[in-house]
Structure formats: structure tokens, C-alpha cells
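Trainee: The structure is given below, and queries will be raised subsequently.
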Amino acid sequence: MVKVAILGYGNIGSGVVEVLRRNKEHVTKRAGKEIEVVCVLDKREFPGDFMENKVVHTIDKIINNPEIDIVVETMGGTTPAYEYVKASLEAGKHVVTSNKELVAKHGAELLELAKNKNINFLFEASVGGGIPIIRPLNQSVTSDEIYEITGILNGTTNYMLTKMEKEGTSFHTVLKEAQQKGYAEQNPEADVEGYDACRKIAILSSLAFGCQVDYNDIYTEGITNISDTDMEYAKKLGLTIKLFGTSKKVDNKVYAMVSPVMVGDEHPLKNVNDVMNGILVRGDVIGDLMFYGAGAGKLPTASAVVADIIDEVKHLDRNITIQWSKNKLKLGDFKNSKKQFFVRVAGNVDERKNEMEKLFGVEHLVTIGKEDEFGFITCLLSEGEFEEKAKHCDGMITRIRLTQ
Ligand code: HSE
């Protein structure tokens, strides 16, 4: 019998208990041992709940209980999650977490601590919800040099953008729906401003390149400026708008960003819709790999957490090597990365098209029947060049990057 404690009995924590109960027989067979959740740590009480009598309110009850082998952290945030996870590892307990903020910030340090103790720190659910991506990166695509990871890494914003595109729903209405469905973070800013996707691409990049990619170094832009009108232009161009987290090696430099992008039919992620996530991994030997599945939600995320628990039960006496050193990876200067841009400007298309052509080099003009504005796609420019040119462009309404 392996004893487990769960930190945080919210959406994911209760999902883990549910999956362990629902699939008990199957899980025991896979793990080779029975798994029992002996307590959950939470500030709240849960009268009438199956775990009612197993709620504890202080971490000491877990840290000081020698019978507990595995601690599952599903609290979110870094305070007090970091302190609790570190104390658990120091006490020789294996840890599983679904917490991307914790992993992005302290992953390298916690992995080192687990390695020194010959125990495990696993975090499959921290990226892509139920999609297996951490384990494949760590254990399967190991003969390749990975030169790009691009993902739709946030279910909430993908759900919102899909609804906005297909139903013309407004940003605020659709955000409320996403929150009601339990997809959005407590503070939706983390989703809509791209911070959540930023942590996730930082984790994937750190694993792919083996060094610490600091999320503060990643250029991050969310979807709050994306409007129904932008969607209309995208449609007219045969494109759609997605929030991408991307990390690409060009001439031995890694460039990373989170940003809304206009995506064409040829892109493997174009049809990843609703709350689903998709992750494209490009390796020099294997070529393109696609990972697709539910990126948010109670049970899909709990499925990944339970898979990590099973892995730890199978490796109770052995550390699973994960290459992620504390050495910081210096990212390439974002201003040097090159793209095409979709631009919307105020004014009459016939009166202003030459001016735009001179400034940006117009590859494609587009109108949606409005007299007072039009759109166009620029030629290939570096971020720095575009920024400079934009300063000289009167009446720019918005700009959206195109995928390269
Ligand atoms: N809010 C996150 C999302 C949850 O929407 O993807 C999963 O990390």
C-alpha cells in the first residue's frame, strides 16, 4: 500500500481523488500496488464529502507522517506551494504537481533536490492538462535535437477565440462562460494576458533545451486586444487567430514568445479548437510531432496527475532523470526575430495604400466593406523594424503577427 497526501482539495485535487476511486482496480494493476489517499490539506472543511474525515489543516501533519510516501500538490501559485513542496522533498517524500507557476519558477531547483534524495518530482499535468508532453519530451524524443516547440497551451483562451470566431460572441461573455466551465484560472488575467501560456512554454523550452528558460525573459502578449472585427479580417484572409506559445532555435539562438497569431490552413495547429490544446514539436531526426488533447478541466488534468503518481509508485526507490539544469538559457533578442504582420489602419484604402506600401511593403490588401479602415499583410520584417515603422504609421488600429 502506498500512501498519498493531497495539498489543496479544489477542482484538480478532488479530481485526483475521483480518478483514483473510479479507476481503482486498473490503477492498482498499473502501479503494482494499492494507492490510498490518507489525507488532504485544505483551509476548508468538506462536510458530507467522501474525504470529510481526512482533511488536515497544517502541513506538519503530512511532513511528519513517515507513512506518507507521495505528496500531490494541486494548490496552484507559489506561496505556500513552494515551501510545502520543498519541505516534502526534504522529508524524503516524492512529489507530483500540476502547478505550472511552481514548476516554471522552481523546477530546476526542485528536480535537483529530488535527485539528491533519490526520489522524484513529476509534473506532467503542469502543461497541456491531460496531454502527455513532459514524459515524451523527457523519455521519447531524446535522440533528436528539438528546434521548435509551438503550442496552443491555454484552454480558456482557445475556447474563447473559437467561440469568438465561430459564433461572433463578445470577449466578456465568452470569458464568463469559460470561468463557469471551470477552465479559467481564479484570476482570468493569467489566461487572457498570456501569463499561463508563458509559464507553460517556459517549462517546455527548459525541457527541450535542458537549461533554465526564465519566463520573465519571454515576450508575452495576450488576447485582450483581439476583437470580432479582427476575426472578420482573418476569415476574409482564410486565416484564424490563435494564441501561440512558441520557442524556436534559429542559428543556435532560441527565440521565444507568447502572442496571438494569424494561422493558415497549412499549420498543424489551425484546427485545434475549443478547450483543446495542441503542441507541435519539431526535431531534426523525427520531423514533426503533434500532441493533442484536453488542456484544462478537472478530470483530464487529474488523469495526468494520477499517471505521475503511478510512475512514482513504480520508482519509489529510484530517481527518474529529467534533464533541466539551473543554468540559465540566454534567449535571442526578440527584436531580431522576423515575421509578417497583419495591420489594420484607419482611412480609405485607395488614399492610403501607397503610403502603406512604402512604409511596410504590402503583400496583400484586405477590406471587409468598411469605408473608414482596411487591412494588409506586410512583407517579412524583424520585430524591431516593424516597431520603428509603426511609429510612423498614423491611425494604426491593431497589428497581429502571422505564423512563420
Ligand atoms: N487555465 C488553464 C487553461 C488551466 O485554461 O489552460 C490549465 O492549465
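By convention here, the chains of the C-alpha cells are called A, B, ... in the order presented, each chain's residues are numbered starting at 1, and ligands are numbered starting at 1 in the order presented.
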If you take only C-alpha atoms and all ligand atoms and a cut-off of 6 Å, which residues of chain A touch ligand 1, and what are their nearest atom pairs and distances in Å to one decimal, in chain and number order, as a Markdown table?
Mentor:
| residue | atom | partner | partner_atom_place_in_ligand_line | distance |
| --- | --- | --- | --- | --- |
| A:Gly129 | CA | ligand 1 | 7 (C) | 5.6 |
| A:Asn154 | CA | ligand 1 | 6 (O) | 3.5 |
| A:Gly155 | CA | ligand 1 | 6 (O) | 3.7 |
| A:Thr156 | CA | ligand 1 | 5 (O) | 3.7 |
| A:Tyr183 | CA | ligand 1 | 5 (O) | 4.8 |
| A:Ala184 | CA | ligand 1 | 1 (N) | 4.1 |
| A:Glu185 | CA | ligand 1 | 1 (N) | 4.4 |
| A:Asp191 | CA | ligand 1 | 1 (N) | 5.8 |
| A:Gly295 | CA | ligand 1 | 6 (O) | 5.4 |
| A:Ala296 | CA | ligand 1 | 7 (C) | 4.2 |
Trainee: Okay, now the selection with all heavy atoms, as a short mmCIF file (atom, residue, chain, number, x, y, z; two decimals), in the first residue's frame?
Mentor:
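Okay, this is what ended up in selection.cif:
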data_model
loop_
_atom_site.label_atom_id
_atom_site.label_comp_id
_atom_site.auth_asym_id
_atom_site.auth_seq_id
_atom_site.Cartn_x
_atom_site.Cartn_y
_atom_site.Cartn_z
N GLY A 129 -2.63 20.08 -19.58
CA GLY A 129 -3.66 19.32 -18.86
C GLY A 129 -3.41 17.83 -18.97
O GLY A 129 -2.39 17.31 -18.50
N ASN A 154 -3.20 27.13 -23.74
CA ASN A 154 -4.18 27.62 -22.77
C ASN A 154 -5.59 27.32 -23.28
O ASN A 154 -6.02 27.87 -24.30
CB ASN A 154 -3.98 29.12 -22.54
CG ASN A 154 -4.91 29.64 -21.47
OD1 ASN A 154 -6.02 30.10 -21.76
ND2 ASN A 154 -4.51 29.56 -20.21
N GLY A 155 -6.28 26.45 -22.55
CA GLY A 155 -7.61 26.01 -22.97
C GLY A 155 -8.63 27.12 -22.94
O GLY A 155 -9.49 27.23 -23.82
N THR A 156 -8.53 27.96 -21.91
CA THR A 156 -9.51 29.05 -21.74
C THR A 156 -9.51 29.99 -22.95
O THR A 156 -10.56 30.28 -23.53
CB THR A 156 -9.18 29.86 -20.47
OG1 THR A 156 -9.16 28.94 -19.38
CG2 THR A 156 -10.16 30.97 -20.23
N TYR A 183 -12.64 26.28 -16.64
CA TYR A 183 -11.40 26.26 -17.42
C TYR A 183 -10.44 27.35 -16.96
O TYR A 183 -9.24 27.16 -16.94
CB TYR A 183 -11.67 26.49 -18.92
CG TYR A 183 -12.61 25.52 -19.57
CD1 TYR A 183 -13.43 25.92 -20.62
CD2 TYR A 183 -12.65 24.19 -19.15
CE1 TYR A 183 -14.28 25.02 -21.24
CE2 TYR A 183 -13.51 23.30 -19.77
CZ TYR A 183 -14.33 23.72 -20.81
OH TYR A 183 -15.16 22.84 -21.43
N ALA A 184 -11.01 28.51 -16.66
CA ALA A 184 -10.18 29.68 -16.41
C ALA A 184 -9.51 29.61 -15.04
O ALA A 184 -10.00 28.96 -14.14
CB ALA A 184 -11.02 30.95 -16.51
N GLU A 185 -8.37 30.26 -14.93
CA GLU A 185 -7.70 30.41 -13.64
C GLU A 185 -8.58 31.27 -12.74
O GLU A 185 -9.44 32.01 -13.24
CB GLU A 185 -6.35 31.12 -13.83
CG GLU A 185 -5.38 30.36 -14.71
CD GLU A 185 -4.92 29.05 -14.08
OE1 GLU A 185 -4.48 29.06 -12.93
OE2 GLU A 185 -5.05 28.01 -14.74
N ASP A 191 -4.86 33.85 -17.79
CA ASP A 191 -5.21 33.23 -19.07
C ASP A 191 -5.19 34.27 -20.19
O ASP A 191 -4.46 34.12 -21.16
CB ASP A 191 -6.62 32.61 -18.99
CG ASP A 191 -6.68 31.45 -18.01
OD1 ASP A 191 -5.96 30.48 -18.22
OD2 ASP A 191 -7.46 31.54 -17.05
N GLY A 295 -6.71 20.37 -22.62
CA GLY A 295 -5.66 21.12 -21.94
C GLY A 295 -6.07 21.69 -20.61
O GLY A 295 -5.25 22.27 -19.89
N ALA A 296 -7.33 21.56 -20.25
CA ALA A 296 -7.78 22.09 -18.97
C ALA A 296 -8.97 21.25 -18.53
O ALA A 296 -9.51 20.45 -19.30
CB ALA A 296 -8.18 23.56 -19.12
#
Trainee: Using only C-alpha atoms, pick whichever of A:Thr240, A:Leu329, A:Ala104, A:Gly369 has the shortest atom-to-atom distance to Glu266 in chain A.
Mentor: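 Among the listed residues, A:Thr240 lies closest to Glu266 in chain A.
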Trainee: So which residues touch Lys370 in chain A within 10 Å, counting only C-alpha atoms, skipping near sequence neighbours fewer than 4 positions away, as a PyMOL selection string?
Mentor: chain A and resi 346-349+374
Trainee: Give the strand (DSSP E or B) residues of range 228-347 of chain A, as DSSP finds them on the backbone, and put them as a PyMOL selection string.
Mentor: chain A and resi 240-250+253-263+276-283+287-294+328+338-339+341-346
Trainee: For Leu299 in chain A, which of A:Gly182, A:Ile119, A:Pro66, A:Thr220 is the closest residue, counting only C-alpha atoms?
Mentor: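 Looking only at the distances to Leu299 in chain A, the closest residue turns out to be A:Gly182.
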Trainee: Excluding Met276 in chain A and any residue of its chain fewer than 4 positions from it, enumerate the residues within 12 Å of it, using only C-alpha atoms, and give them as a ChimeraX atom specification.
Mentor: /A:128-131,151-162,183,242,269-272,291-297,300
Trainee: So that I can check the surroundings of Gly238 in chain A, please list as a JSON list (two decimals) with all heavy atoms, in the first residue's frame every protein, DNA and RNA residue that reaches within 12 Å of it, counting only C-alpha atoms and ignoring chain neighbours fewer than 6 positions away.
Mentor:
[["chain", "number", "residue", "atom", "x", "y", "z"],
["A", 231, "MET", "N", -11.36, 39.15, -36.19],
["A", 231, "MET", "CA", -11.78, 37.80, -36.62],
["A", 231, "MET", "C", -12.35, 37.85, -38.04],
["A", 231, "MET", "O", -12.12, 36.95, -38.84],
["A", 231, "MET", "CB", -12.86, 37.24, -35.68],
["A", 231, "MET", "CG", -12.33, 36.81, -34.34],
["A", 231, "MET", "SD", -11.33, 35.32, -34.53],
["A", 231, "MET", "CE", -10.91, 35.01, -32.83],
["A", 232, "GLU", "N", -13.08, 38.92, -38.31],
["A", 232, "GLU", "CA", -13.68, 39.07, -39.64],
["A", 232, "GLU", "C", -12.60, 39.20, -40.71],
["A", 232, "GLU", "O", -12.69, 38.58, -41.77],
["A", 232, "GLU", "CB", -14.54, 40.34, -39.62],
["A", 232, "GLU", "CG", -15.98, 40.12, -40.03],
["A", 232, "GLU", "CD", -16.75, 41.42, -39.98],
["A", 232, "GLU", "OE1", -16.88, 41.99, -38.87],
["A", 232, "GLU", "OE2", -17.20, 41.87, -41.06],
["A", 262, "MET", "N", -2.06, 34.97, -36.54],
["A", 262, "MET", "CA", -2.98, 34.54, -37.59],
["A", 262, "MET", "C", -2.40, 33.29, -38.22],
["A", 262, "MET", "O", -1.22, 33.26, -38.57],
["A", 262, "MET", "CB", -3.16, 35.64, -38.62],
["A", 262, "MET", "CG", -4.09, 36.73, -38.14],
["A", 262, "MET", "SD", -4.63, 37.73, -39.53],
["A", 262, "MET", "CE", -5.76, 38.83, -38.73],
["A", 263, "VAL", "N", -3.25, 32.27, -38.32],
["A", 263, "VAL", "CA", -2.78, 30.94, -38.72],
["A", 263, "VAL", "C", -3.50, 30.49, -39.98],
["A", 263, "VAL", "O", -4.73, 30.61, -40.07],
["A", 263, "VAL", "CB", -3.10, 29.92, -37.60],
["A", 263, "VAL", "CG1", -2.40, 28.60, -37.87],
["A", 263, "VAL", "CG2", -2.73, 30.45, -36.24],
["A", 264, "GLY", "N", -2.77, 29.91, -40.90],
["A", 264, "GLY", "CA", -3.36, 29.42, -42.15],
["A", 264, "GLY", "C", -3.61, 27.92, -42.11],
["A", 264, "GLY", "O", -3.16, 27.22, -41.19],
["A", 265, "ASP", "N", -4.32, 27.43, -43.14],
["A", 265, "ASP", "CA", -4.69, 26.01, -43.23],
["A", 265, "ASP", "C", -3.52, 25.05, -43.16],
["A", 265, "ASP", "O", -3.66, 23.91, -42.71],
["A", 265, "ASP", "CB", -5.40, 25.75, -44.57],
["A", 265, "ASP", "CG", -6.86, 26.17, -44.48],
["A", 265, "ASP", "OD1", -7.40, 26.18, -43.37],
["A", 265, "ASP", "OD2", -7.43, 26.51, -45.54],
["A", 266, "GLU", "N", -2.37, 25.52, -43.62],
["A", 266, "GLU", "CA", -1.21, 24.61, -43.69],
["A", 266, "GLU", "C", -0.63, 24.32, -42.32],
["A", 266, "GLU", "O", 0.15, 23.39, -42.15],
["A", 266, "GLU", "CB", -0.14, 25.21, -44.63],
["A", 266, "GLU", "CG", 0.65, 26.41, -44.10],
["A", 266, "GLU", "CD", -0.18, 27.68, -43.86],
["A", 266, "GLU", "OE1", -1.30, 27.80, -44.40],
["A", 266, "GLU", "OE2", 0.29, 28.56, -43.12],
["A", 270, "LYS", "N", -3.93, 24.72, -36.67],
["A", 270, "LYS", "CA", -5.06, 25.58, -37.02],
["A", 270, "LYS", "C", -6.40, 25.02, -36.54],
["A", 270, "LYS", "O", -7.30, 25.75, -36.14],
["A", 270, "LYS", "CB", -5.13, 25.82, -38.52],
["A", 270, "LYS", "CG", -6.28, 26.76, -38.82],
["A", 270, "LYS", "CD", -6.44, 27.16, -40.25],
["A", 270, "LYS", "CE", -7.63, 28.10, -40.36],
["A", 270, "LYS", "NZ", -8.48, 27.81, -41.49],
["A", 366, "VAL", "N", -6.61, 43.87, -47.74],
["A", 366, "VAL", "CA", -7.89, 43.24, -47.45],
["A", 366, "VAL", "C", -8.88, 44.26, -46.89],
["A", 366, "VAL", "O", -8.52, 45.11, -46.07],
["A", 366, "VAL", "CB", -7.71, 42.01, -46.50],
["A", 366, "VAL", "CG1", -7.02, 42.39, -45.22],
["A", 366, "VAL", "CG2", -9.04, 41.34, -46.17]]
Trainee: Let's see if you can do this: from backbone DSSP, list all helix (DSSP H, G or I) residues in range 94-264 of chain A, as a PyMOL selection string.
Mentor: chain A and resi 100-116+124-126+134-140+155-167+171-180+189-192+195-209+215-217+228-236
